[in-house]
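Peer 1: A single structure is presented below for examination.
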Amino acid sequence: MSSKTTHGWAWAYNKIRGLQCSRLTSAYRATLYVLRGDTGIFHSDVSWQKNRIRR
């Protein structure tokens, strides 16, 4: 499998916004995803569910 992904900043931002996170949190986590390939663990504004997006 190729390690290259077609998911970029906009995809990560929209995915995180879909989890009901604020615009600021979504932008920050999308930037982390692009730079590191991992958003780290974060909570949405609606629930206490832990979320993480990795490549």
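Starting from 1 in every chain, residues are counted up; chains themselves are A, B, ... following the order of the structure tokens, and ligands are numbered from 1 as listed.
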Mind the document's chain letters and residue numbers, and return as a PyMOL selection string the residues of chain A that DSSP labels strand (DSSP E or B).

Peer 2: chain A and resi 38+42-43+50-51+54

Peer 1: Counting only C-alpha atoms, what is within 6 Å of Ser44 in chain A, bar same-chain residues fewer than 3 positions away, as a VMD selection string?

Peer 2: chain A and resid 20 to 21 47

Peer 1: Neighbours of Arg29 in chain A within 12 Å (only C-alpha atoms; same-chain residues fewer than 5 positions away dropped), as a short mmCIF file (atom, residue, chain, number, x, y, z; two decimals) with N, CA and C atoms, in the first residue's frame?

Peer 2:
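See selection09.cif below for the written result:
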data_model
loop_
_atom_site.label_atom_id
_atom_site.label_comp_id
_atom_site.auth_asym_id
_atom_site.auth_seq_id
_atom_site.Cartn_x
_atom_site.Cartn_y
_atom_site.Cartn_z
N GLY A 8 -6.28 15.88 2.29
CA GLY A 8 -5.50 17.06 2.65
C GLY A 8 -6.15 17.86 3.76
N TRP A 9 -5.75 19.13 3.83
CA TRP A 9 -6.22 19.99 4.90
C TRP A 9 -7.74 20.17 4.85
N ALA A 10 -8.27 20.42 3.65
CA ALA A 10 -9.71 20.66 3.52
C ALA A 10 -10.52 19.44 3.94
N TRP A 11 -10.05 18.25 3.56
CA TRP A 11 -10.75 17.02 3.96
C TRP A 11 -10.76 16.88 5.48
N ALA A 12 -9.60 17.08 6.10
CA ALA A 12 -9.50 16.94 7.56
C ALA A 12 -10.35 18.00 8.25
N TYR A 13 -10.32 19.23 7.76
CA TYR A 13 -11.11 20.30 8.35
C TYR A 13 -12.60 19.96 8.30
N ASN A 14 -13.08 19.55 7.14
CA ASN A 14 -14.50 19.22 6.99
C ASN A 14 -14.89 18.01 7.83
N LYS A 15 -14.02 17.04 7.92
CA LYS A 15 -14.28 15.85 8.74
C LYS A 15 -14.43 16.25 10.21
N ILE A 16 -13.53 17.08 10.70
CA ILE A 16 -13.56 17.49 12.10
C ILE A 16 -14.75 18.42 12.36
N ARG A 17 -15.07 19.31 11.42
CA ARG A 17 -16.26 20.16 11.57
C ARG A 17 -17.52 19.30 11.63
N CYS A 21 -17.07 20.20 16.00
CA CYS A 21 -16.01 20.97 16.65
C CYS A 21 -16.04 22.41 16.13
N SER A 22 -15.48 23.32 16.91
CA SER A 22 -15.45 24.72 16.51
C SER A 22 -14.54 24.92 15.29
N ARG A 23 -14.68 26.08 14.65
CA ARG A 23 -13.84 26.38 13.49
C ARG A 23 -12.37 26.45 13.87
N LEU A 24 -12.08 27.04 15.02
CA LEU A 24 -10.70 27.16 15.47
C LEU A 24 -10.08 25.79 15.75
N VAL A 34 -2.11 17.54 8.57
CA VAL A 34 -1.29 17.72 7.37
C VAL A 34 0.20 17.66 7.71
N LEU A 35 0.60 18.28 8.80
CA LEU A 35 2.02 18.33 9.17
C LEU A 35 2.54 17.02 9.74
N ARG A 36 1.76 16.39 10.62
CA ARG A 36 2.24 15.20 11.33
C ARG A 36 1.58 13.91 10.89
N GLY A 37 0.43 14.00 10.22
CA GLY A 37 -0.30 12.80 9.86
C GLY A 37 -1.17 12.29 10.99
N ASP A 38 -1.35 13.10 12.02
CA ASP A 38 -2.12 12.69 13.19
C ASP A 38 -2.67 13.95 13.87
N THR A 39 -3.95 13.92 14.23
CA THR A 39 -4.54 15.09 14.89
C THR A 39 -4.32 15.08 16.38
N GLY A 40 -3.96 13.94 16.94
CA GLY A 40 -3.94 13.80 18.38
C GLY A 40 -5.36 13.58 18.87
N ILE A 41 -5.52 13.33 20.13
CA ILE A 41 -6.84 13.07 20.69
C ILE A 41 -7.52 14.39 21.03
N PHE A 42 -8.77 14.53 20.62
CA PHE A 42 -9.54 15.73 20.93
C PHE A 42 -10.99 15.36 21.18
N HIS A 43 -11.70 16.24 21.86
CA HIS A 43 -13.12 16.04 22.15
C HIS A 43 -13.93 17.02 21.31
N SER A 44 -15.10 16.57 20.88
CA SER A 44 -15.98 17.48 20.15
C SER A 44 -16.72 18.37 21.15
N ASN A 51 -11.84 11.61 19.91
CA ASN A 51 -11.67 11.49 18.46
C ASN A 51 -10.20 11.60 18.11
N ARG A 52 -9.83 10.93 17.04
CA ARG A 52 -8.46 11.00 16.54
C ARG A 52 -8.47 10.60 15.07
N ILE A 53 -7.78 11.36 14.23
CA ILE A 53 -7.68 11.04 12.81
C ILE A 53 -6.21 10.81 12.50
N ARG A 54 -5.93 9.64 11.94
CA ARG A 54 -4.55 9.27 11.58
C ARG A 54 -4.49 8.84 10.13
#

Peer 1: Would you return as a VMD selection string the members of chain A that DSSP assigns to alpha helix (DSSP H) on this structure's backbone?

Peer 2: chain A and resid 9 to 18 23 to 36

Peer 1: Using only C-alpha atoms, pick whichever of A:Gln49, A:Ser26, A:Leu32, A:Arg55 has the shortest atom-to-atom distance to Thr6 in chain A.

Peer 2: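 For Thr6 in chain A, the nearest of the given residues is A:Arg55.
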